[in-house]
>>> print(open('model-v6.csv').read())   # CSV, C-alpha atoms and all ligand atoms
chain,number,residue,atom,x,y,z
Q,162,MET,CA,-10.6,-75.7,165.3
Q,163,GLN,CA,-8.3,-78.7,164.5
Q,164,ASP,CA,-9.4,-80.2,167.9
Q,165,VAL,CA,-13.1,-79.6,167.1
Q,166,ARG,CA,-12.7,-81.4,163.7
Q,167,LYS,CA,-10.9,-84.3,165.3
Q,168,LYS,CA,-13.5,-84.7,168.0
Q,169,TRP,CA,-16.4,-84.8,165.5
Q,170,ASP,CA,-14.5,-87.0,163.0
Q,171,GLY,CA,-14.0,-89.5,165.9
Q,172,ILE,CA,-17.7,-89.4,166.8
Q,173,TYR,CA,-18.8,-90.0,163.3
Q,174,GLN,CA,-16.2,-92.8,162.8
Q,175,GLU,CA,-17.7,-94.6,165.8
Q,176,ARG,CA,-21.2,-94.2,164.4
Q,177,ALA,CA,-20.2,-95.5,160.9
Q,178,GLY,CA,-23.1,-97.1,159.2
Q,179,GLN,CA,-25.6,-95.3,161.3
Q,180,HIS,CA,-28.6,-93.9,159.4
Q,181,ALA,CA,-29.0,-90.1,159.3
Q,182,GLY,CA,-32.5,-90.5,160.8
Q,183,ASP,CA,-35.5,-88.2,160.3
Q,184,ALA,CA,-35.2,-84.6,159.6
Q,185,ASP,CA,-35.7,-82.3,162.6
Q,186,ARG,CA,-39.2,-81.3,163.7
Q,187,VAL,CA,-38.7,-77.7,162.7
Q,188,LEU,CA,-38.5,-78.9,159.1
Q,189,ARG,CA,-40.8,-81.8,159.2
Q,190,GLU,CA,-43.6,-79.9,160.8
Q,191,ASN,CA,-43.2,-76.8,158.6
Q,192,VAL,CA,-42.3,-78.5,155.3
Q,193,HIS,CA,-45.3,-76.8,153.6
Q,194,LEU,CA,-43.4,-73.5,153.9
Q,195,LEU,CA,-40.6,-74.5,151.7
Q,196,PRO,CA,-40.4,-72.9,148.2
Q,197,ARG,CA,-40.8,-75.2,145.2
Q,198,GLY,CA,-37.2,-74.7,144.1
Q,199,GLY,CA,-34.1,-72.6,144.8
Q,200,ASP,CA,-30.9,-72.9,146.7
Q,201,ALA,CA,-30.7,-74.3,150.2
Q,202,LEU,CA,-28.0,-74.7,152.8
Q,203,GLU,CA,-27.7,-76.9,155.9
Q,204,ILE,CA,-25.1,-75.6,158.3
Q,205,ALA,CA,-23.3,-78.1,160.6
Q,206,CYS,CA,-25.3,-80.8,159.0
Q,207,GLY,CA,-23.8,-83.9,160.6
Q,208,LEU,CA,-25.2,-86.8,158.7
Q,209,GLY,CA,-27.5,-84.4,156.9
Q,210,ALA,CA,-31.0,-85.6,157.5
Q,211,ASN,CA,-32.4,-82.1,156.9
Q,212,ALA,CA,-30.2,-81.7,153.8
Q,213,LEU,CA,-31.5,-85.0,152.4
Q,214,LEU,CA,-35.1,-83.8,152.8
Q,215,LEU,CA,-34.4,-80.5,151.2
Q,216,ALA,CA,-32.7,-82.2,148.2
Q,217,GLU,CA,-35.6,-84.7,147.9
Q,218,ARG,CA,-38.0,-81.7,147.8
Q,219,GLY,CA,-36.1,-80.5,144.7
Q,220,LEU,CA,-33.9,-77.7,146.2
Q,221,HIS,CA,-30.3,-77.4,145.1
Q,222,THR,CA,-28.8,-78.2,148.5
Q,223,HIS,CA,-25.4,-77.5,150.0
Q,224,ALA,CA,-24.6,-79.4,153.2
Q,225,TRP,CA,-21.6,-78.2,155.3
Q,226,ASP,CA,-20.0,-79.7,158.3
Q,227,ILE,CA,-16.5,-79.4,159.8
Q,228,SER,CA,-16.2,-83.2,159.8
Q,229,SER,CA,-15.1,-84.7,156.6
Q,230,VAL,CA,-16.2,-88.1,158.0
Q,231,ALA,CA,-19.8,-87.0,158.3
Q,232,ILE,CA,-19.7,-85.4,154.9
Q,233,GLY,CA,-18.3,-88.5,153.3
Q,234,GLN,CA,-21.2,-90.6,154.9
Q,235,LEU,CA,-23.8,-88.1,153.7
Q,236,GLN,CA,-22.4,-88.0,150.2
Q,237,ALA,CA,-22.6,-91.8,150.0
Q,238,VAL,CA,-26.2,-91.8,151.1
Q,239,ALA,CA,-27.0,-89.0,148.6
Q,240,ARG,CA,-25.4,-91.1,145.8
Q,241,GLU,CA,-27.4,-94.2,146.8
Q,242,LYS,CA,-30.6,-92.1,146.7
Q,243,GLY,CA,-29.6,-90.6,143.3
Q,244,LEU,CA,-29.7,-87.1,144.8
Q,245,GLY,CA,-27.4,-85.3,142.4
Q,246,SER,CA,-28.7,-81.9,143.7
Q,247,LEU,CA,-27.0,-82.4,147.1
Q,248,ARG,CA,-23.5,-81.2,147.5
Q,249,GLY,CA,-21.6,-81.9,150.7
Q,250,GLU,CA,-18.6,-79.9,151.8
Q,251,ALA,CA,-16.2,-80.3,154.7
Q,252,ARG,CA,-16.1,-76.7,155.9
Q,253,ASP,CA,-15.4,-74.8,159.1
Q,254,VAL,CA,-18.3,-72.4,159.0
Q,255,MET,CA,-16.8,-70.1,161.6
Q,256,LEU,CA,-13.7,-69.5,159.4
Q,257,HIS,CA,-15.7,-69.7,156.1
Q,258,PRO,CA,-19.3,-68.5,156.8
Q,259,PRO,CA,-21.8,-68.5,154.0
Q,260,PRO,CA,-21.5,-65.6,151.5
Q,261,PRO,CA,-24.3,-62.9,151.3
Q,262,GLN,CA,-27.5,-63.3,149.3
Q,263,CYS,CA,-27.0,-66.9,148.2
Q,264,TYR,CA,-29.7,-69.0,149.7
Q,265,ASP,CA,-33.5,-69.3,149.7
Q,266,VAL,CA,-33.5,-71.7,152.6
Q,267,ILE,CA,-31.0,-72.2,155.5
Q,268,VAL,CA,-31.4,-74.9,158.1
Q,269,VAL,CA,-29.5,-75.1,161.4
Q,270,SER,CA,-30.1,-77.8,164.0
Q,271,HIS,CA,-28.3,-78.6,167.3
Q,272,PHE,CA,-25.5,-76.1,166.6
Q,273,LEU,CA,-25.2,-72.8,168.3
Q,274,GLU,CA,-22.5,-70.2,167.4
Q,275,ARG,CA,-24.0,-66.8,168.1
Q,276,ASP,CA,-21.4,-65.0,166.0
Q,277,LEU,CA,-22.8,-66.8,162.9
Q,278,ALA,CA,-26.3,-65.2,163.2
Q,279,SER,CA,-25.5,-62.0,161.3
Q,280,HIS,CA,-23.8,-64.1,158.5
Q,281,ILE,CA,-26.9,-66.4,158.3
Q,282,VAL,CA,-29.2,-63.4,157.9
Q,283,ALA,CA,-27.0,-61.9,155.3
Q,284,ALA,CA,-26.7,-65.2,153.4
Q,285,LEU,CA,-30.5,-65.3,152.9
Q,286,ARG,CA,-32.0,-63.8,149.8
Q,287,GLU,CA,-35.0,-61.5,150.2
Q,288,GLY,CA,-38.0,-63.7,151.1
Q,289,GLY,CA,-35.6,-66.5,152.1
Q,290,LEU,CA,-36.4,-68.8,155.1
Q,291,LEU,CA,-34.4,-69.8,158.1
Q,292,PHE,CA,-35.3,-73.0,159.9
Q,293,TYR,CA,-33.5,-73.2,163.3
Q,294,GLN,CA,-33.9,-75.8,166.1
Q,295,THR,CA,-31.7,-76.3,169.1
Q,296,PHE,CA,-31.5,-77.0,172.8
Q,297,THR,CA,-32.6,-74.6,175.5
Q,298,ARG,CA,-31.3,-74.0,179.0
Q,299,THR,CA,-34.8,-74.3,180.4
Q,300,ARG,CA,-35.6,-78.0,180.1
Q,301,VAL,CA,-37.4,-80.9,181.6
Q,302,GLY,CA,-35.1,-83.7,180.3
Q,303,GLY,CA,-31.4,-84.5,180.1
Q,304,SER,CA,-30.8,-84.3,176.3
Q,305,GLY,CA,-28.3,-82.0,174.6
Q,306,PRO,CA,-25.0,-80.4,175.6
Q,307,ARG,CA,-24.1,-80.1,179.3
Q,308,ASN,CA,-22.3,-76.8,178.7
Q,309,GLU,CA,-24.9,-74.1,179.1
Q,310,ALA,CA,-23.1,-71.9,176.6
Q,311,PHE,CA,-24.2,-74.2,173.9
Q,312,ARG,CA,-27.9,-73.9,174.9
Q,313,LEU,CA,-30.3,-71.1,174.2
Q,314,ALA,CA,-31.5,-68.7,176.8
Q,315,ASP,CA,-35.3,-68.1,177.0
Q,316,ASN,CA,-36.4,-66.4,173.7
Q,317,GLU,CA,-32.9,-66.2,172.5
Q,318,LEU,CA,-33.6,-67.4,168.9
Q,319,LEU,CA,-36.1,-64.5,168.6
Q,320,ASP,CA,-33.4,-62.0,169.8
Q,321,LEU,CA,-30.6,-63.5,167.5
Q,322,PHE,CA,-32.8,-63.2,164.4
Q,323,SER,CA,-34.9,-60.2,165.3
Q,324,THR,CA,-34.5,-58.6,161.8
Q,325,LEU,CA,-36.4,-61.6,160.3
Q,326,LYS,CA,-40.2,-62.0,160.2
Q,327,VAL,CA,-41.3,-64.8,162.5
Q,328,LEU,CA,-43.5,-67.4,160.9
Q,329,VAL,CA,-43.3,-70.1,163.5
Q,330,TYR,CA,-41.8,-70.0,167.0
Q,331,ARG,CA,-42.1,-72.7,169.6
Q,332,GLU,CA,-40.5,-73.0,173.0
Q,333,GLU,CA,-42.5,-74.6,175.8
Q,334,GLY,CA,-40.1,-74.6,178.7
Q,335,THR,CA,-41.6,-76.2,181.7
Q,336,ALA,CA,-45.2,-75.1,181.3
Q,337,GLY,CA,-48.2,-77.4,181.7
Q,338,ASP,CA,-48.0,-81.2,181.2
Q,339,ILE,CA,-44.3,-81.7,180.8
Q,340,THR,CA,-44.8,-85.3,179.5
Q,341,ARG,CA,-46.2,-83.8,176.3
Q,342,GLY,CA,-45.2,-81.2,173.7
Q,343,PHE,CA,-42.0,-79.9,172.3
Q,344,ARG,CA,-39.5,-79.8,175.2
Q,345,ASP,CA,-35.9,-79.0,175.9
Q,346,GLU,CA,-35.5,-77.2,172.5
Q,347,ALA,CA,-36.8,-74.1,170.7
Q,348,MET,CA,-37.7,-73.9,167.0
Q,349,LEU,CA,-37.9,-70.9,164.7
Q,350,VAL,CA,-39.0,-70.5,161.1
Q,351,ALA,CA,-38.4,-66.9,160.0
Q,352,GLN,CA,-38.4,-65.0,156.7
Q,353,LYS,CA,-36.1,-62.3,155.4
Q,354,PRO,CA,-38.2,-59.3,154.5
Q,355,SER,CA,-38.4,-58.4,150.8
Q,401,LIG,C1,-24.6,-81.8,167.7
Q,401,LIG,S1,-24.0,-82.0,166.1
Q,401,LIG,C2,-25.5,-81.7,165.2
Q,401,LIG,C3,-25.5,-82.3,163.8
Q,401,LIG,C4,-26.8,-82.2,163.0
Q,401,LIG,N1,-27.1,-80.8,162.8
Q,401,LIG,C5,-27.9,-82.8,163.9
Q,401,LIG,O1,-28.8,-82.1,164.4
Q,401,LIG,O2,-27.9,-84.1,163.9
Q,401,LIG,C6,-23.0,-80.6,165.8
Q,401,LIG,C7,-22.4,-80.6,164.4
Q,401,LIG,O3,-21.7,-79.4,164.3
Q,401,LIG,C8,-20.5,-79.6,163.5
Q,401,LIG,N2,-19.6,-78.5,163.7
Q,401,LIG,C9,-19.0,-78.1,164.9
Q,401,LIG,N3,-18.2,-77.0,164.7
Q,401,LIG,C10,-18.3,-76.7,163.4
Q,401,LIG,C11,-17.8,-75.7,162.6
Q,401,LIG,N4,-17.0,-74.7,163.1
Q,401,LIG,N5,-18.1,-75.6,161.3
Q,401,LIG,C12,-19.0,-76.6,160.7
Q,401,LIG,N6,-19.5,-77.6,161.5
Q,401,LIG,C13,-19.2,-77.6,162.8
Q,401,LIG,C14,-20.0,-81.0,164.1
Q,401,LIG,O4,-19.2,-81.7,163.2
Q,401,LIG,C15,-21.4,-81.7,164.3
Q,401,LIG,O5,-21.7,-82.4,163.1
>>> encode(input="model-v6.csv", output="structure tokens")
Amino acid sequence: MQDVRKKWDGIYQERAGQHAGDADRVLRENVHLLPRGGDALEIACGLGANALLLAERGLHTHAWDISSVAIGQLQAVAREKGLGSLRGEARDVMLHPPPPQCYDVIVVSHFLERDLASHIVAALREGGLLFYQTFTRTRVGGSGPRNEAFRLADNELLDLFSTLKVLVYREEGTAGDITRGFRDEAMLVAQKPS
């Protein structure tokens, strides 16, 4: 994992000064589903665009990434914005997954470690929401990882989180007018049953 950390630290060092950008579509388009308060976690947050949105919405937000460089940049932005409710942590989530029953909201984007799925489900409180968006093997464009192992098979998010109640699922593959729509990725919003 030392190599993974080094690789990502290097990438974020090169991108120093770059803005985190917008939150991902799974969160932006379903922001109305968020609770008014509570505890949120973004896993493998990178520069933390989703975590910033969650904190701005009043959630106590943890943001974890293996890269201390990314976390340092996120914390600087959070300080500038006066977001005291956002806590970044450099953390290898495979070695230190989230503890059970701690979060009302968990967000994961562009990160796929299948062994983490059961920990994510366990980490949600009853009624808690998972927002997940990442790349699919079925695609029309060239974005995302070249290694197919880091891309979702058809319907895979539904399979990985089959114990949760699906609120939103979108995966358009190669159907219809491929110049439009939500392509190359899948998104899931799902709720832990009470
Ligand atoms: C493709 S980037 C996605 C970042 C962000 N979620 C986004 O969509 O912009 C993958 C992220 O996963 C992080 N990462 C990789 N392995 C990790 C691990 N074991 N624990 C925590 N973070 C990890 C990397 O540092 C990197 O920020």
>>> residues_near_ligand(input="model-v6.csv", ligand="ligand LIG 401 (chain Q)", cutoff="6 Å", atoms="only C-alpha atoms and all ligand atoms", output="ChimeraX atom specification")
/Q:169,205-207,226-228,252-255,270-272
>>> write_last_selection(input="model-v6.csv", atoms="C-alpha atoms", output="PDB file, keeping the file's coordinate frame")
ATOM      1  CA  TRP Q 169     -16.400 -84.800 165.500  1.00  0.00           C
ATOM      2  CA  ALA Q 205     -23.300 -78.100 160.600  1.00  0.00           C
ATOM      3  CA  CYS Q 206     -25.300 -80.800 159.000  1.00  0.00           C
ATOM      4  CA  GLY Q 207     -23.800 -83.900 160.600  1.00  0.00           C
ATOM      5  CA  ASP Q 226     -20.000 -79.700 158.300  1.00  0.00           C
ATOM      6  CA  ILE Q 227     -16.500 -79.400 159.800  1.00  0.00           C
ATOM      7  CA  SER Q 228     -16.200 -83.200 159.800  1.00  0.00           C
ATOM      8  CA  ARG Q 252     -16.100 -76.700 155.900  1.00  0.00           C
ATOM      9  CA  ASP Q 253     -15.400 -74.800 159.100  1.00  0.00           C
ATOM     10  CA  VAL Q 254     -18.300 -72.400 159.000  1.00  0.00           C
ATOM     11  CA  MET Q 255     -16.800 -70.100 161.600  1.00  0.00           C
ATOM     12  CA  SER Q 270     -30.100 -77.800 164.000  1.00  0.00           C
ATOM     13  CA  HIS Q 271     -28.300 -78.600 167.300  1.00  0.00           C
ATOM     14  CA  PHE Q 272     -25.500 -76.100 166.600  1.00  0.00           C
TER      15      PHE Q 272
END
>>> residues_around(input="model-v6.csv", residues="Ala278 (chain Q)", least_positions_apart="6", cutoff="12 Å", atoms="only C-alpha atoms", output="PyMOL selection string")
chain Q and resi 204+254-255+258-259+267+269+272+284-285+291+293+317-325
>>> atom_distance(input="model-v6.csv", atom1="CA of Leu349 (chain Q)", atom2="CA of Leu202 (chain Q)")
15.9 Å
>>> residues_around(input="model-v6.csv", residues="Ala336 (chain Q)", least_positions_apart="6", cutoff="10 Å", atoms="only C-alpha atoms", output="compact mmCIF listing (two decimals) with C-alpha atoms, keeping the file's coordinate frame")
# COMPACT_ATOMS: atom_id res chain seq x y z
CA VAL Q 301 -37.40 -80.90 181.60
CA GLY Q 342 -45.20 -81.20 173.70
CA ARG Q 344 -39.50 -79.80 175.20
>>> residues_around(input="model-v6.csv", residues="Glu346 (chain Q)", least_positions_apart="6", cutoff="7 Å", atoms="all atoms listed in the file", output="PyMOL selection string")
chain Q and resi 294-297+332
>>> atom_distance(input="model-v6.csv", atom1="CA of Val327 (chain Q)", atom2="CA of Pro306 (chain Q)")
26.1 Å
>>> atom_distance(input="model-v6.csv", atom1="CA of Arg298 (chain Q)", atom2="CA of Ile232 (chain Q)")
29.1 Å
>>> closest_residue(input="model-v6.csv", among="Q:Leu208, Q:Ala201, Q:Cys263, Q:Ala181", to="His280 (chain Q)", atoms="all atoms listed in the file")
Q:Cys263
>>> build_atoms(input="model-v6.csv", residues="region 214-233 of chain Q", atoms="N, CA and C atoms", output="mmCIF file, in the frame of the given file")
data_model
loop_
_atom_site.group_PDB
_atom_site.id
_atom_site.type_symbol
_atom_site.label_atom_id
_atom_site.label_comp_id
_atom_site.auth_asym_id
_atom_site.auth_seq_id
_atom_site.Cartn_x
_atom_site.Cartn_y
_atom_site.Cartn_z
ATOM 1 N N LEU Q 214 -33.704 -84.197 153.081
ATOM 2 C CA LEU Q 214 -35.100 -83.800 152.800
ATOM 3 C C LEU Q 214 -35.200 -82.650 151.859
ATOM 4 N N LEU Q 215 -34.327 -81.666 152.042
ATOM 5 C CA LEU Q 215 -34.400 -80.500 151.200
ATOM 6 C C LEU Q 215 -34.074 -80.894 149.707
ATOM 7 N N ALA Q 216 -33.084 -81.764 149.527
ATOM 8 C CA ALA Q 216 -32.700 -82.200 148.200
ATOM 9 C C ALA Q 216 -33.869 -83.052 147.583
ATOM 10 N N GLU Q 217 -34.484 -83.895 148.415
ATOM 11 C CA GLU Q 217 -35.600 -84.700 147.900
ATOM 12 C C GLU Q 217 -36.778 -83.836 147.503
ATOM 13 N N ARG Q 218 -36.900 -82.656 148.115
ATOM 14 C CA ARG Q 218 -38.000 -81.700 147.800
ATOM 15 C C ARG Q 218 -37.606 -80.879 146.533
ATOM 16 N N GLY Q 219 -36.435 -81.141 145.927
ATOM 17 C CA GLY Q 219 -36.100 -80.500 144.700
ATOM 18 C C GLY Q 219 -35.267 -79.213 144.820
ATOM 19 N N LEU Q 220 -34.797 -78.926 146.040
ATOM 20 C CA LEU Q 220 -33.900 -77.700 146.200
ATOM 21 C C LEU Q 220 -32.486 -78.119 145.915
ATOM 22 N N HIS Q 221 -31.760 -77.213 145.284
ATOM 23 C CA HIS Q 221 -30.300 -77.400 145.100
ATOM 24 C C HIS Q 221 -29.691 -77.173 146.485
ATOM 25 N N THR Q 222 -29.120 -78.217 147.052
ATOM 26 C CA THR Q 222 -28.800 -78.200 148.500
ATOM 27 C C THR Q 222 -27.302 -78.313 148.740
ATOM 28 N N HIS Q 223 -26.771 -77.362 149.512
ATOM 29 C CA HIS Q 223 -25.400 -77.500 150.000
ATOM 30 C C HIS Q 223 -25.502 -77.956 151.474
ATOM 31 N N ALA Q 224 -24.599 -78.850 151.848
ATOM 32 C CA ALA Q 224 -24.600 -79.400 153.200
ATOM 33 C C ALA Q 224 -23.148 -79.243 153.733
ATOM 34 N N TRP Q 225 -22.972 -78.451 154.788
ATOM 35 C CA TRP Q 225 -21.600 -78.200 155.300
ATOM 36 C C TRP Q 225 -21.451 -78.686 156.706
ATOM 37 N N ASP Q 226 -20.315 -79.279 156.947
ATOM 38 C CA ASP Q 226 -20.000 -79.700 158.300
ATOM 39 C C ASP Q 226 -18.441 -79.688 158.418
ATOM 40 N N ILE Q 227 -17.939 -79.434 159.616
ATOM 41 C CA ILE Q 227 -16.500 -79.400 159.800
ATOM 42 C C ILE Q 227 -15.891 -80.824 159.675
ATOM 43 N N SER Q 228 -16.732 -81.853 159.875
ATOM 44 C CA SER Q 228 -16.200 -83.200 159.800
ATOM 45 C C SER Q 228 -16.296 -83.820 158.434
ATOM 46 N N SER Q 229 -15.120 -84.141 157.891
ATOM 47 C CA SER Q 229 -15.100 -84.700 156.600
ATOM 48 C C SER Q 229 -15.670 -86.171 156.616
ATOM 49 N N VAL Q 230 -15.606 -86.782 157.815
ATOM 50 C CA VAL Q 230 -16.200 -88.100 158.000
ATOM 51 C C VAL Q 230 -17.697 -88.074 157.784
ATOM 52 N N ALA Q 231 -18.328 -87.109 158.471
ATOM 53 C CA ALA Q 231 -19.800 -87.000 158.300
ATOM 54 C C ALA Q 231 -20.169 -86.643 156.899
ATOM 55 N N ILE Q 232 -19.415 -85.745 156.282
ATOM 56 C CA ILE Q 232 -19.700 -85.400 154.900
ATOM 57 C C ILE Q 232 -19.572 -86.549 153.950
ATOM 58 N N GLY Q 233 -18.546 -87.355 154.175
ATOM 59 C CA GLY Q 233 -18.300 -88.500 153.300
ATOM 60 C C GLY Q 233 -19.533 -89.492 153.448
#
